[in-house]
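Text of run_29.cif (mmCIF, C-alpha atoms) as supplied:
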data_run
loop_
_atom_site.label_atom_id
_atom_site.label_comp_id
_atom_site.auth_asym_id
_atom_site.auth_seq_id
_atom_site.Cartn_x
_atom_site.Cartn_y
_atom_site.Cartn_z
CA MET F 28 0.00 0.00 0.00
CA GLU F 29 3.04 2.27 0.44
CA ASN F 30 3.68 2.13 -3.33
CA ILE F 31 0.16 3.07 -4.34
CA LYS F 32 0.26 5.94 -1.82
CA LYS F 33 3.48 7.21 -3.42
CA ALA F 34 1.91 6.90 -6.86
CA PHE F 35 -1.07 9.02 -5.81
CA GLU F 36 1.17 11.58 -4.13
CA ARG F 37 2.73 12.36 -7.51
CA PHE F 38 -0.61 14.04 -8.27
CA THR F 39 -1.86 15.50 -5.02
CA THR F 40 -1.85 15.13 -1.24
CA LEU F 41 -4.75 13.56 0.65
CA ASP F 42 -5.51 13.86 4.37
CA GLU F 43 -5.80 10.88 6.72
CA VAL F 44 -9.56 10.48 6.34
CA GLU F 45 -9.26 10.65 2.54
CA TRP F 46 -6.56 7.98 2.50
CA LYS F 47 -8.86 5.73 4.53
CA GLU F 48 -11.72 6.36 2.11
CA ILE F 49 -9.72 5.59 -0.99
CA PHE F 50 -8.06 2.49 0.48
CA HIS F 51 -11.52 1.34 1.56
CA ILE F 52 -12.80 1.13 -2.05
CA MET F 53 -9.75 -0.78 -3.39
CA LYS F 54 -9.70 -4.52 -3.94
CA PRO F 55 -6.80 -6.74 -5.01
CA LYS F 56 -7.07 -9.11 -7.99
CA GLU F 57 -4.68 -11.55 -9.64
CA PHE F 58 -4.35 -11.80 -13.40
CA LYS F 59 -2.71 -14.84 -14.98
CA ASN F 60 -0.46 -14.38 -18.00
CA GLY F 61 -2.81 -13.88 -20.98
CA GLU F 62 -5.81 -12.75 -18.89
CA PHE F 63 -7.53 -9.50 -19.82
CA PHE F 64 -7.96 -6.40 -17.68
CA ILE F 65 -10.40 -5.21 -20.36
CA LYS F 66 -11.49 -6.47 -23.79
CA GLU F 67 -12.95 -4.75 -26.84
CA GLY F 68 -16.68 -4.14 -26.29
CA GLN F 69 -16.44 -4.01 -22.48
CA THR F 70 -16.75 -0.96 -20.23
CA CYS F 71 -13.74 0.03 -18.15
CA LYS F 72 -15.22 -0.24 -14.65
CA TYR F 73 -11.90 0.02 -12.80
CA VAL F 74 -8.67 1.91 -12.67
CA GLY F 75 -5.97 -0.69 -12.01
CA PHE F 76 -2.75 -0.20 -10.09
CA VAL F 77 -0.15 -2.79 -11.08
CA SER F 78 1.40 -4.06 -7.81
CA SER F 79 3.47 -6.58 -9.74
CA GLY F 80 3.60 -7.84 -13.30
CA LEU F 81 3.14 -6.32 -16.72
CA PHE F 82 0.25 -5.43 -19.07
CA ARG F 83 -0.12 -4.40 -22.71
CA TYR F 84 -2.78 -2.05 -24.14
CA TYR F 85 -3.44 -2.79 -27.83
CA TYR F 86 -5.92 -2.58 -30.70
CA GLN F 87 -6.87 -5.65 -32.73
CA THR F 88 -7.53 -4.77 -36.36
CA ASP F 89 -7.43 -6.80 -39.59
CA GLY F 90 -5.60 -9.64 -37.87
CA GLN F 91 -2.97 -7.18 -36.58
CA GLN F 92 -2.28 -6.09 -33.00
CA LEU F 93 -1.32 -2.41 -32.68
CA THR F 94 0.31 -1.64 -29.34
CA ARG F 95 -0.57 1.63 -27.58
CA GLN F 96 1.02 1.24 -24.18
CA PHE F 97 2.75 -1.00 -21.61
CA PHE F 98 1.98 -0.86 -17.88
CA PHE F 99 4.70 -1.94 -15.46
CA GLU F 100 4.85 -2.36 -11.69
CA ASN F 101 3.65 0.77 -9.84
CA ASN F 102 1.81 2.12 -12.91
CA PHE F 103 -1.88 2.97 -12.99
CA MET F 104 -3.77 1.54 -15.96
CA ALA F 105 -7.19 1.96 -17.54
CA ASN F 106 -8.92 2.42 -20.82
CA TYR F 107 -9.38 6.04 -19.85
CA GLN F 108 -11.87 6.95 -22.61
CA SER F 109 -14.16 4.12 -21.58
CA TYR F 110 -13.54 4.97 -17.91
CA ILE F 111 -14.62 8.62 -18.44
CA THR F 112 -17.62 8.05 -20.69
CA GLY F 113 -18.83 4.63 -19.58
CA GLY F 114 -18.78 3.68 -23.28
CA SER F 115 -17.32 0.50 -24.77
CA SER F 116 -13.61 -0.07 -25.12
CA ILE F 117 -12.28 -0.51 -28.65
CA ALA F 118 -9.02 -1.94 -27.29
CA TYR F 119 -7.61 -4.70 -25.08
CA ILE F 120 -5.43 -4.60 -21.96
CA GLU F 121 -3.82 -8.02 -21.43
CA ALA F 122 -1.44 -9.39 -18.78
CA LEU F 123 1.93 -10.32 -20.34
CA GLU F 124 2.88 -12.22 -17.17
CA ASN F 125 1.21 -13.30 -13.93
CA SER F 126 0.32 -10.00 -12.26
CA GLU F 127 -1.19 -8.52 -9.13
CA VAL F 128 -3.47 -5.53 -9.50
CA ILE F 129 -5.31 -3.26 -7.09
CA LEU F 130 -8.70 -2.37 -8.57
CA ILE F 131 -10.30 1.01 -7.89
CA PRO F 132 -13.95 1.02 -8.98
CA ARG F 133 -14.89 3.86 -11.31
CA GLU F 134 -18.25 4.56 -9.64
CA ASP F 135 -16.71 4.82 -6.16
CA LEU F 136 -13.94 7.06 -7.44
CA PHE F 137 -16.42 9.39 -9.16
CA ARG F 138 -18.35 9.58 -5.88
CA LEU F 139 -15.16 10.46 -3.95
CA PHE F 140 -14.31 13.22 -6.46
CA GLU F 141 -17.44 15.05 -5.28
CA THR F 142 -16.64 14.76 -1.56
CA SER F 143 -13.51 16.92 -1.33
CA MET F 144 -11.24 19.38 -3.11
CA ASN F 145 -8.30 17.01 -2.75
CA PHE F 146 -10.11 14.19 -4.55
CA GLN F 147 -11.43 16.55 -7.22
CA ARG F 148 -7.90 17.89 -7.74
CA LEU F 149 -6.58 14.33 -7.95
CA GLY F 150 -9.03 13.67 -10.80
CA ARG F 151 -7.91 16.84 -12.57
CA LYS F 152 -4.19 16.15 -12.20
CA VAL F 153 -4.57 12.59 -13.47
CA ALA F 154 -6.55 13.79 -16.50
CA GLU F 155 -3.93 16.48 -17.22
CA PHE F 156 -1.11 13.93 -16.86
CA LEU F 157 -2.77 11.50 -19.26
CA PHE F 158 -3.43 14.30 -21.74
CA MET F 159 0.30 15.13 -21.67
CA ILE F 160 1.27 11.51 -22.36
CA MET F 161 -1.27 11.22 -25.18
CA SER F 162 -0.21 14.51 -26.72
CA ALA F 163 3.49 13.61 -26.56
CA LYS F 164 2.69 10.29 -28.23
CA TYR F 165 0.78 12.02 -31.03
CA GLU F 166 3.65 14.50 -31.49
CA SER F 167 6.23 11.72 -31.59
CA PHE F 168 4.34 10.05 -34.46
CA LEU F 169 3.83 13.36 -36.26
CA LEU F 170 7.28 14.90 -35.80
CA GLN F 171 9.77 12.06 -35.27
CA SER F 172 11.08 9.22 -37.42
CA ALA F 173 10.71 5.64 -36.15
CA GLU F 174 14.44 5.72 -35.37
CA GLU F 175 14.08 8.86 -33.25
CA ARG F 176 11.12 7.28 -31.43
CA TYR F 177 13.26 4.21 -30.72
CA LEU F 178 16.20 6.26 -29.41
CA SER F 179 13.85 8.20 -27.14
CA LEU F 180 12.37 4.91 -25.87
CA ILE F 181 15.87 3.61 -25.01
CA LYS F 182 16.56 6.83 -23.13
CA ASN F 183 13.23 7.35 -21.36
CA ARG F 184 11.74 3.88 -20.91
CA PRO F 185 14.59 1.33 -20.62
CA LYS F 186 12.14 -1.08 -18.93
CA VAL F 187 10.28 -1.45 -22.23
CA ILE F 188 13.51 -2.30 -24.07
CA LYS F 189 14.51 -4.81 -21.39
CA ASN F 190 11.22 -6.60 -20.78
CA ILE F 191 9.15 -6.54 -23.97
CA PRO F 192 9.50 -8.89 -26.98
CA GLN F 193 10.87 -7.11 -30.05
CA TYR F 194 7.80 -7.56 -32.26
CA MET F 195 5.72 -5.76 -29.59
CA ILE F 196 8.23 -2.91 -29.36
CA ALA F 197 8.08 -2.62 -33.16
CA SER F 198 4.28 -2.37 -32.99
CA TYR F 199 4.54 0.25 -30.18
CA LEU F 200 6.88 2.29 -32.42
CA GLY F 201 4.43 1.97 -35.31
CA ILE F 202 6.73 -0.06 -37.59
CA THR F 203 7.02 -3.62 -38.90
CA PRO F 204 9.35 -6.12 -37.17
CA GLU F 205 11.55 -5.97 -40.32
CA GLY F 206 11.74 -2.16 -40.20
CA PHE F 207 12.59 -2.38 -36.51
CA SER F 208 15.35 -4.91 -37.20
CA ARG F 209 16.87 -2.56 -39.83
CA ILE F 210 16.84 0.37 -37.39
CA ARG F 211 18.52 -1.71 -34.67
CA LYS F 212 21.29 -2.77 -37.06
CA ARG F 213 21.83 0.84 -38.13
CA ILE F 214 22.12 2.00 -34.52
CA VAL F 215 24.54 -0.77 -33.55
CA LYS F 216 26.73 0.06 -36.58
CA GLY F 217 26.25 3.86 -36.06
CA MET Y 2 -20.76 36.63 -22.62
CA GLU Y 3 -23.82 34.37 -23.06
CA ASN Y 4 -21.84 32.16 -25.47
CA ILE Y 5 -18.86 31.71 -23.18
CA LYS Y 6 -21.24 30.87 -20.33
CA LYS Y 7 -22.88 28.19 -22.48
CA ALA Y 8 -19.45 26.84 -23.43
CA PHE Y 9 -18.45 26.51 -19.75
CA GLU Y 10 -21.78 24.90 -18.88
CA ARG Y 11 -20.94 21.99 -21.17
CA PHE Y 12 -18.42 21.03 -18.46
CA THR Y 13 -19.97 22.05 -15.15
CA THR Y 14 -22.30 24.50 -13.44
CA LEU Y 15 -21.02 27.52 -11.51
CA ASP Y 16 -22.92 29.59 -8.95
CA GLU Y 17 -23.51 33.33 -9.24
CA VAL Y 18 -20.42 34.34 -7.25
CA GLU Y 19 -18.24 31.96 -9.30
CA TRP Y 20 -19.53 33.39 -12.58
CA LYS Y 21 -18.63 36.86 -11.34
CA GLU Y 22 -15.15 35.70 -10.37
CA ILE Y 23 -14.41 34.04 -13.69
CA PHE Y 24 -15.82 36.91 -15.77
CA HIS Y 25 -13.72 39.26 -13.67
CA ILE Y 26 -10.42 37.68 -14.81
CA MET Y 27 -11.31 37.69 -18.53
CA LYS Y 28 -10.08 40.29 -21.00
CA PRO Y 29 -10.98 40.71 -24.66
CA LYS Y 30 -8.30 40.94 -27.36
CA GLU Y 31 -8.39 41.33 -31.13
CA PHE Y 32 -6.16 39.30 -33.41
CA LYS Y 33 -5.60 40.39 -37.01
CA ASN Y 34 -5.41 37.77 -39.75
CA GLY Y 35 -1.92 36.23 -39.49
CA GLU Y 36 -1.33 37.28 -35.86
CA PHE Y 37 -0.26 34.62 -33.37
CA PHE Y 38 -2.07 33.51 -30.22
CA ILE Y 39 1.13 31.63 -29.37
CA LYS Y 40 4.43 30.92 -31.13
CA GLU Y 41 7.04 28.18 -30.79
CA GLY Y 42 9.23 28.91 -27.74
CA GLN Y 43 6.60 30.93 -25.88
CA THR Y 44 4.64 29.90 -22.79
CA CYS Y 45 0.87 29.57 -23.08
CA LYS Y 46 -0.24 32.14 -20.50
CA TYR Y 47 -3.89 32.20 -21.53
CA VAL Y 48 -6.79 30.02 -22.45
CA GLY Y 49 -8.55 31.77 -25.32
CA PHE Y 50 -12.25 31.71 -26.14
CA VAL Y 51 -12.87 32.54 -29.79
CA SER Y 52 -15.80 35.03 -29.82
CA SER Y 53 -15.45 35.41 -33.58
CA GLY Y 54 -12.96 34.32 -36.21
CA LEU Y 55 -10.80 31.29 -36.80
CA PHE Y 56 -7.41 29.96 -35.65
CA ARG Y 57 -5.05 27.16 -36.69
CA TYR Y 58 -2.75 25.14 -34.38
CA TYR Y 59 0.27 23.78 -36.27
CA TYR Y 60 3.87 22.58 -36.03
CA GLN Y 61 6.61 24.06 -38.22
CA THR Y 62 9.21 21.46 -39.16
CA ASP Y 63 11.67 21.17 -42.04
CA GLY Y 64 9.91 23.96 -43.93
CA GLN Y 65 6.58 22.13 -43.56
CA GLN Y 66 3.53 23.12 -41.55
CA LEU Y 67 1.74 20.20 -39.90
CA THR Y 68 -1.77 21.10 -38.78
CA ARG Y 69 -3.05 19.77 -35.47
CA GLN Y 70 -6.30 21.64 -34.96
CA PHE Y 71 -8.66 24.43 -36.02
CA PHE Y 72 -10.52 26.62 -33.53
CA PHE Y 73 -13.79 28.21 -34.66
CA GLU Y 74 -16.24 30.64 -33.07
CA ASN Y 75 -17.30 29.54 -29.55
CA ASN Y 76 -14.31 27.18 -29.18
CA PHE Y 77 -11.78 27.34 -26.36
CA MET Y 78 -8.16 27.23 -27.51
CA ALA Y 79 -4.75 26.83 -25.88
CA ASN Y 80 -1.50 25.02 -26.19
CA TYR Y 81 -2.67 22.83 -23.34
CA GLN Y 82 0.70 21.15 -22.64
CA SER Y 83 2.39 24.51 -22.25
CA TYR Y 84 -0.62 25.79 -20.27
CA ILE Y 85 -0.38 22.88 -17.79
CA THR Y 86 3.38 22.77 -17.35
CA GLY Y 87 4.38 26.38 -17.94
CA GLY Y 88 6.94 25.01 -20.41
CA SER Y 89 7.62 26.29 -23.92
CA SER Y 90 5.27 25.64 -26.81
CA ILE Y 91 6.69 23.65 -29.73
CA ALA Y 92 3.79 24.77 -31.93
CA TYR Y 93 2.00 27.84 -33.28
CA ILE Y 94 -1.59 29.04 -33.02
CA GLU Y 95 -2.30 31.62 -35.72
CA ALA Y 96 -5.39 33.64 -36.66
CA LEU Y 97 -6.63 32.66 -40.14
CA GLU Y 98 -8.90 35.73 -40.22
CA ASN Y 99 -9.50 38.83 -38.11
CA SER Y 100 -10.72 37.42 -34.81
CA GLU Y 101 -11.99 38.40 -31.38
CA VAL Y 102 -10.81 36.40 -28.41
CA ILE Y 103 -11.58 36.44 -24.70
CA LEU Y 104 -8.37 35.73 -22.79
CA ILE Y 105 -8.46 33.83 -19.47
CA PRO Y 106 -5.09 34.09 -17.68
CA ARG Y 107 -3.60 30.75 -16.65
CA GLU Y 108 -2.42 31.96 -13.23
CA ASP Y 109 -5.82 33.37 -12.29
CA LEU Y 110 -7.56 30.22 -13.46
CA PHE Y 111 -5.21 28.01 -11.41
CA ARG Y 112 -5.97 30.18 -8.38
CA LEU Y 113 -9.74 29.83 -8.95
CA PHE Y 114 -9.41 26.03 -9.21
CA GLU Y 115 -8.33 26.02 -5.56
CA THR Y 116 -11.23 28.18 -4.33
CA SER Y 117 -14.19 25.87 -4.98
CA MET Y 118 -15.28 22.37 -5.96
CA ASN Y 119 -17.08 23.72 -9.01
CA PHE Y 120 -13.92 25.35 -10.38
CA GLN Y 121 -11.81 22.29 -9.55
CA ARG Y 122 -14.40 20.09 -11.31
CA LEU Y 123 -14.35 22.45 -14.30
CA GLY Y 124 -10.58 21.93 -14.56
CA ARG Y 125 -11.03 18.15 -14.38
CA LYS Y 126 -13.81 18.01 -16.97
CA VAL Y 127 -11.86 20.17 -19.41
CA ALA Y 128 -8.76 17.97 -19.01
CA GLU Y 129 -10.86 14.83 -19.52
CA PHE Y 130 -12.52 16.33 -22.59
CA LEU Y 131 -9.18 17.29 -24.14
CA PHE Y 132 -7.79 13.83 -23.39
CA MET Y 133 -10.74 12.32 -25.29
CA ILE Y 134 -10.13 14.53 -28.32
CA MET Y 135 -6.40 13.76 -28.30
CA SER Y 136 -6.97 10.05 -27.90
CA ALA Y 137 -9.55 9.95 -30.71
CA LYS Y 138 -7.10 11.80 -32.94
CA TYR Y 139 -4.32 9.31 -32.16
CA GLU Y 140 -6.72 6.41 -32.82
CA SER Y 141 -7.86 7.92 -36.12
CA PHE Y 142 -4.25 8.04 -37.33
CA LEU Y 143 -3.52 4.52 -36.05
CA LEU Y 144 -6.70 2.76 -37.15
CA GLN Y 145 -8.16 4.69 -40.09
CA SER Y 146 -7.06 5.36 -43.65
CA ALA Y 147 -6.73 8.98 -44.80
CA GLU Y 148 -9.97 8.48 -46.75
CA GLU Y 149 -11.82 7.31 -43.65
CA ARG Y 150 -10.46 10.29 -41.70
CA TYR Y 151 -11.73 12.60 -44.46
CA LEU Y 152 -15.21 11.03 -44.50
CA SER Y 153 -15.42 11.35 -40.73
CA LEU Y 154 -14.37 15.02 -41.00
CA ILE Y 155 -17.14 15.69 -43.53
CA LYS Y 156 -19.64 14.07 -41.19
CA ASN Y 157 -18.46 15.48 -37.86
CA ARG Y 158 -16.84 18.83 -38.65
CA PRO Y 159 -18.49 20.30 -41.76
CA LYS Y 160 -17.20 23.75 -40.72
CA VAL Y 161 -13.63 22.60 -41.42
CA ILE Y 162 -14.61 21.43 -44.92
CA LYS Y 163 -16.46 24.68 -45.62
CA ASN Y 164 -14.00 27.25 -44.22
CA ILE Y 165 -10.48 25.89 -44.50
CA PRO Y 166 -8.22 25.92 -47.60
CA GLN Y 167 -7.69 22.43 -49.04
CA TYR Y 168 -3.93 22.27 -48.46
CA MET Y 169 -4.56 22.89 -44.75
CA ILE Y 170 -7.23 20.17 -44.60
CA ALA Y 171 -4.74 17.82 -46.28
CA SER Y 172 -2.15 18.63 -43.62
CA TYR Y 173 -4.77 18.12 -40.86
CA LEU Y 174 -5.53 14.68 -42.33
CA GLY Y 175 -1.82 13.87 -42.43
CA ILE Y 176 -1.52 13.61 -46.22
CA THR Y 177 -0.06 15.59 -49.11
CA PRO Y 178 -2.25 17.97 -51.14
CA GLU Y 179 -1.88 15.53 -54.09
CA GLY Y 180 -3.00 12.56 -51.98
CA PHE Y 181 -5.95 14.63 -50.75
CA SER Y 182 -6.89 15.56 -54.30
CA ARG Y 183 -6.90 11.85 -55.31
CA ILE Y 184 -9.14 10.95 -52.35
CA ARG Y 185 -11.61 13.72 -53.22
CA LYS Y 186 -11.83 12.53 -56.83
CA ARG Y 187 -12.42 8.94 -55.70
CA ILE Y 188 -15.22 10.03 -53.36
CA VAL Y 189 -16.96 12.19 -55.99
CA LYS Y 190 -16.82 9.29 -58.48
CA GLY Y 191 -17.82 6.71 -55.83
#
Please go through the file and, once you have read it, give me the structure as structure tokens.
Amino acid sequence: MENIKKAFERFTTLDEVEWKEIFHIMKPKEFKNGEFFIKEGQTCKYVGFVSSGLFRYYYQTDGQQLTRQFFFENNFMANYQSYITGGSSIAYIEALENSEVILIPREDLFRLFETSMNFQRLGRKVAEFLFMIMSAKYESFLLQSAEERYLSLIKNRPKVIKNIPQYMIASYLGITPEGFSRIRKRIVKG
Amino acid sequence: MENIKKAFERFTTLDEVEWKEIFHIMKPKEFKNGEFFIKEGQTCKYVGFVSSGLFRYYYQTDGQQLTRQFFFENNFMANYQSYITGGSSIAYIEALENSEVILIPREDLFRLFETSMNFQRLGRKVAEFLFMIMSAKYESFLLQSAEERYLSLIKNRPKVIKNIPQYMIASYLGITPEGFSRIRKRIVKG
């Protein structure tokens, strides 16, 4: 619980009563390798906090899997669009190994947002943070080459390089496994 | 002022005192055609509300302009990353015609967020809304063809089709003017 507290404190502080309230609505759940946190067509009823393990967020289209994100230990995860609107997910979040997750129910969280400034601010800061990540991702696809995206991944998210199979990294970078292999050779030679 | 009130009410309600407070920090400004709301390297110190006119949000790179967004009458506009972080903008927002804008200073808005639940909720709802737009944009580039993006633009944002020069629409769709011209011919024939 110390780790999830630290993760929240990146966004805002909560007082003792608020910590009790938010811990009260959490429930732990185990996901086996290959199990889904959410599937296409489902509603995202929980924010998950990955206590241990690893998840991948991807789209399935024309027999292809397009990777949007990886969630490691001490990361929050959700299909945030579906979480906000209550609409259906068009993507999957799947465990890549046996994982432990703390679930925070959407409805309870929304209720807490309306009980105090600190909770409301938490909701705002999280939304702003996720906007920043999404916007940076869009800009990286618009303004950078696949090679630049790869170099920035090596620099900023070494965990992805170390833990994720290469064909999934290629898909995250928006290139084919062959294109990715060419880039890696170029960089090694470079 | 009725229009800006309506625009805010899409996100949350405010009470009479709160309306007074937020109107109090606003100031009108005129932008001539070709004038900048923000340039690369500057900090986004204001959220703008377009009372009349039209703006374009774009990146300048290798002699090319890559269009991210258009802001019409009754739209809010900002470089939201720069607005959140106080960091420098890597993009431009330029008036495409003579325009009237209501400026809402970032610092004053941040202060108001901390004075009431309604303001804090407003900040959250806006961030969530902008996340949704950004995420949908990313998904459209990842999952749709340029032709599908164009058809969805015709359906969902007819104002863009009607008011924006074709080379800018092409750039917004992420294609060359020639590619855009081919798609338009195909659709007319279809």
query = Between CA of Pro204 in chain F and CA of Phe158 in chain F, what is the spacing in Å?
reply =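 Taking CA of Phe158 in chain F and CA of Pro204 in chain F, their separation equals 28.6 Å.
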message = Please report the interatomic distance between CA of Pro192 in chain F and CA of Arg211 in chain F in Å with one decimal.
response = 13.9 Å
query = For the atom pair CA of Glu22 in chain Y and CA of Val102 in chain Y, what is the interatomic distance in Å to one decimal place?
reply =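 Computed distance, CA of Glu22 in chain Y to CA of Val102 in chain Y, equals 18.6 Å.
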ask   = What do you get, as a PyMOL selection string, if you spell out every residue that the PyMOL selection byres ((chain Y) within 6 of (chain F)) selects here?
value = chain Y and resi 118+125+128-129+132+139
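Picked out by the PyMOL selection byres ((chain Y and resi 100) around 9) when it runs on this file: Lys30, Glu31, Phe32, Lys33, Asn34, Val51, Ser52, Ser53, Gly54, Leu55, Phe56, Glu74, Ala96, Leu97, Glu98, Asn99, Glu101 and Val102 of chain Y.
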For the selection you just gave me, I'd like the residues written to a file as a JSON list (two decimals), keeping the file's coordinate frame, keeping C-alpha atoms.
[["chain", "number", "residue", "atom", "x", "y", "z"],
["Y", 30, "LYS", "CA", -8.30, 40.94, -27.36],
["Y", 31, "GLU", "CA", -8.39, 41.33, -31.13],
["Y", 32, "PHE", "CA", -6.16, 39.30, -33.41],
["Y", 33, "LYS", "CA", -5.60, 40.39, -37.01],
["Y", 34, "ASN", "CA", -5.41, 37.77, -39.75],
["Y", 51, "VAL", "CA", -12.87, 32.54, -29.79],
["Y", 52, "SER", "CA", -15.80, 35.03, -29.82],
["Y", 53, "SER", "CA", -15.45, 35.41, -33.58],
["Y", 54, "GLY", "CA", -12.96, 34.32, -36.21],
["Y", 55, "LEU", "CA", -10.80, 31.29, -36.80],
["Y", 56, "PHE", "CA", -7.41, 29.96, -35.65],
["Y", 74, "GLU", "CA", -16.24, 30.64, -33.07],
["Y", 96, "ALA", "CA", -5.39, 33.64, -36.66],
["Y", 97, "LEU", "CA", -6.63, 32.66, -40.14],
["Y", 98, "GLU", "CA", -8.90, 35.73, -40.22],
["Y", 99, "ASN", "CA", -9.50, 38.83, -38.11],
["Y", 101, "GLU", "CA", -11.99, 38.40, -31.38],
["Y", 102, "VAL", "CA", -10.81, 36.40, -28.41]]
inquiry  = Show me the residues around (8.3, 25.5, -28.9) - criterion: an atom at most 12 Å away, all atoms listed in the file counted - as a ChimeraX atom specification.
reply    = /Y:39-45,59-62,80,82-83,87-94
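Residue nearest Lys28 in chain Y within the list Y:Ile184, Y:Ile165, Y:Ile105, Y:Val189: Y:Ile105 [criterion: smallest interatomic distance, all atoms listed in the file].
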query = Can you tell me, as a list in words, what residues are no more than 10 Å from Arg176 in chain F when counting all atoms listed in the file, ignoring any on the same chain fewer than 3 positions away?
reply =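 Residues meeting the cut-off are Lys164, Ser167, Phe168, Leu170, Gln171, Ser172, Ala173, Ser179, Leu180, Ile181, Lys182, Tyr199, Leu200 and Gly201 of chain F.
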message = Under the rule that only C-alpha atoms are counted, which of Y:Ile103, Y:Glu17, Y:Glu3, Y:Phe50 is the nearest residue to Pro29 in chain Y?
response = Y:Ile103
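Between Ala8 in chain Y and the residues Y:Tyr84, Y:Phe77, Y:Arg183, Y:Arg107, the shortest atom-to-atom distance, using all atoms listed in the file, involves Y:Phe77.
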query = With only C-alpha atoms as the atoms that count, which of F:Tyr177, F:Asn190, F:Gly61, F:Leu139 lies nearest to Ile49 in chain F?
reply = F:Leu139
query = List as a list in words: which residues have an atom within 8 Å of (-1.4, 2.2, -14.4), counting only C-alpha atoms?
reply =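 The distance filter leaves exactly Val74, Gly75, Phe76, Val77, Phe98, Phe99, Asn101, Asn102, Phe103, Met104 and Ala105 of chain F.
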request  = Give me the residues within 7 Å of Glu95 in chain Y as number ranges by chain, counting all atoms listed in the file and dropping any in the same chain fewer than 4 places off.
outcome  = Y: 35-38, 56-58
What are the centre and the three edge lengths of an axis-aligned box that wraps all atoms of range 4-7 of chain Y in the file, given that 4 Å is added to every side, written as JSON and rounded to one decimal in Å?
{"center_x": -20.9, "center_y": 30.2, "center_z": -22.9, "size_x": 12.0, "size_y": 12.0, "size_z": 13.1}
message = I need the residue nearest Val161 in chain Y from this list: Y:Phe71, Y:Tyr47, Y:Phe24, Y:Phe12. Use only C-alpha atoms for the distance.
response =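 Under the stated criterion, the closest residue is Y:Phe71.
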Regenerate range 15-27 of chain Y at the level of N, CA and C atoms and dump it as a compact mmCIF listing (two decimals), in the frame of the given file.
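Now in part_7.txt:
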# COMPACT_ATOMS: atom_id res chain seq x y z
N LEU Y 15 -21.67 26.62 -12.47
CA LEU Y 15 -21.02 27.52 -11.51
C LEU Y 15 -22.13 28.32 -10.84
N ASP Y 16 -21.90 28.75 -9.58
CA ASP Y 16 -22.92 29.59 -8.95
C ASP Y 16 -22.67 31.06 -9.29
N GLU Y 17 -23.55 31.93 -8.81
CA GLU Y 17 -23.51 33.33 -9.24
C GLU Y 17 -22.18 34.01 -8.90
N VAL Y 18 -21.69 33.75 -7.68
CA VAL Y 18 -20.42 34.34 -7.25
C VAL Y 18 -19.28 33.84 -8.15
N GLU Y 19 -19.30 32.55 -8.46
CA GLU Y 19 -18.24 31.96 -9.30
C GLU Y 19 -18.25 32.55 -10.72
N TRP Y 20 -19.46 32.74 -11.25
CA TRP Y 20 -19.53 33.39 -12.58
C TRP Y 20 -18.89 34.77 -12.53
N LYS Y 21 -19.21 35.52 -11.48
CA LYS Y 21 -18.63 36.86 -11.34
C LYS Y 21 -17.11 36.78 -11.31
N GLU Y 22 -16.60 35.82 -10.52
CA GLU Y 22 -15.15 35.70 -10.37
C GLU Y 22 -14.47 35.37 -11.70
N ILE Y 23 -15.08 34.45 -12.45
CA ILE Y 23 -14.41 34.04 -13.69
C ILE Y 23 -14.55 35.12 -14.77
N PHE Y 24 -15.69 35.80 -14.81
CA PHE Y 24 -15.82 36.91 -15.77
C PHE Y 24 -14.84 38.03 -15.44
N HIS Y 25 -14.59 38.19 -14.14
CA HIS Y 25 -13.72 39.26 -13.67
C HIS Y 25 -12.28 39.11 -14.20
N ILE Y 26 -11.82 37.87 -14.38
CA ILE Y 26 -10.42 37.68 -14.81
C ILE Y 26 -10.27 37.68 -16.34
N MET Y 27 -11.37 37.73 -17.06
CA MET Y 27 -11.31 37.69 -18.53
C MET Y 27 -10.99 39.05 -19.13
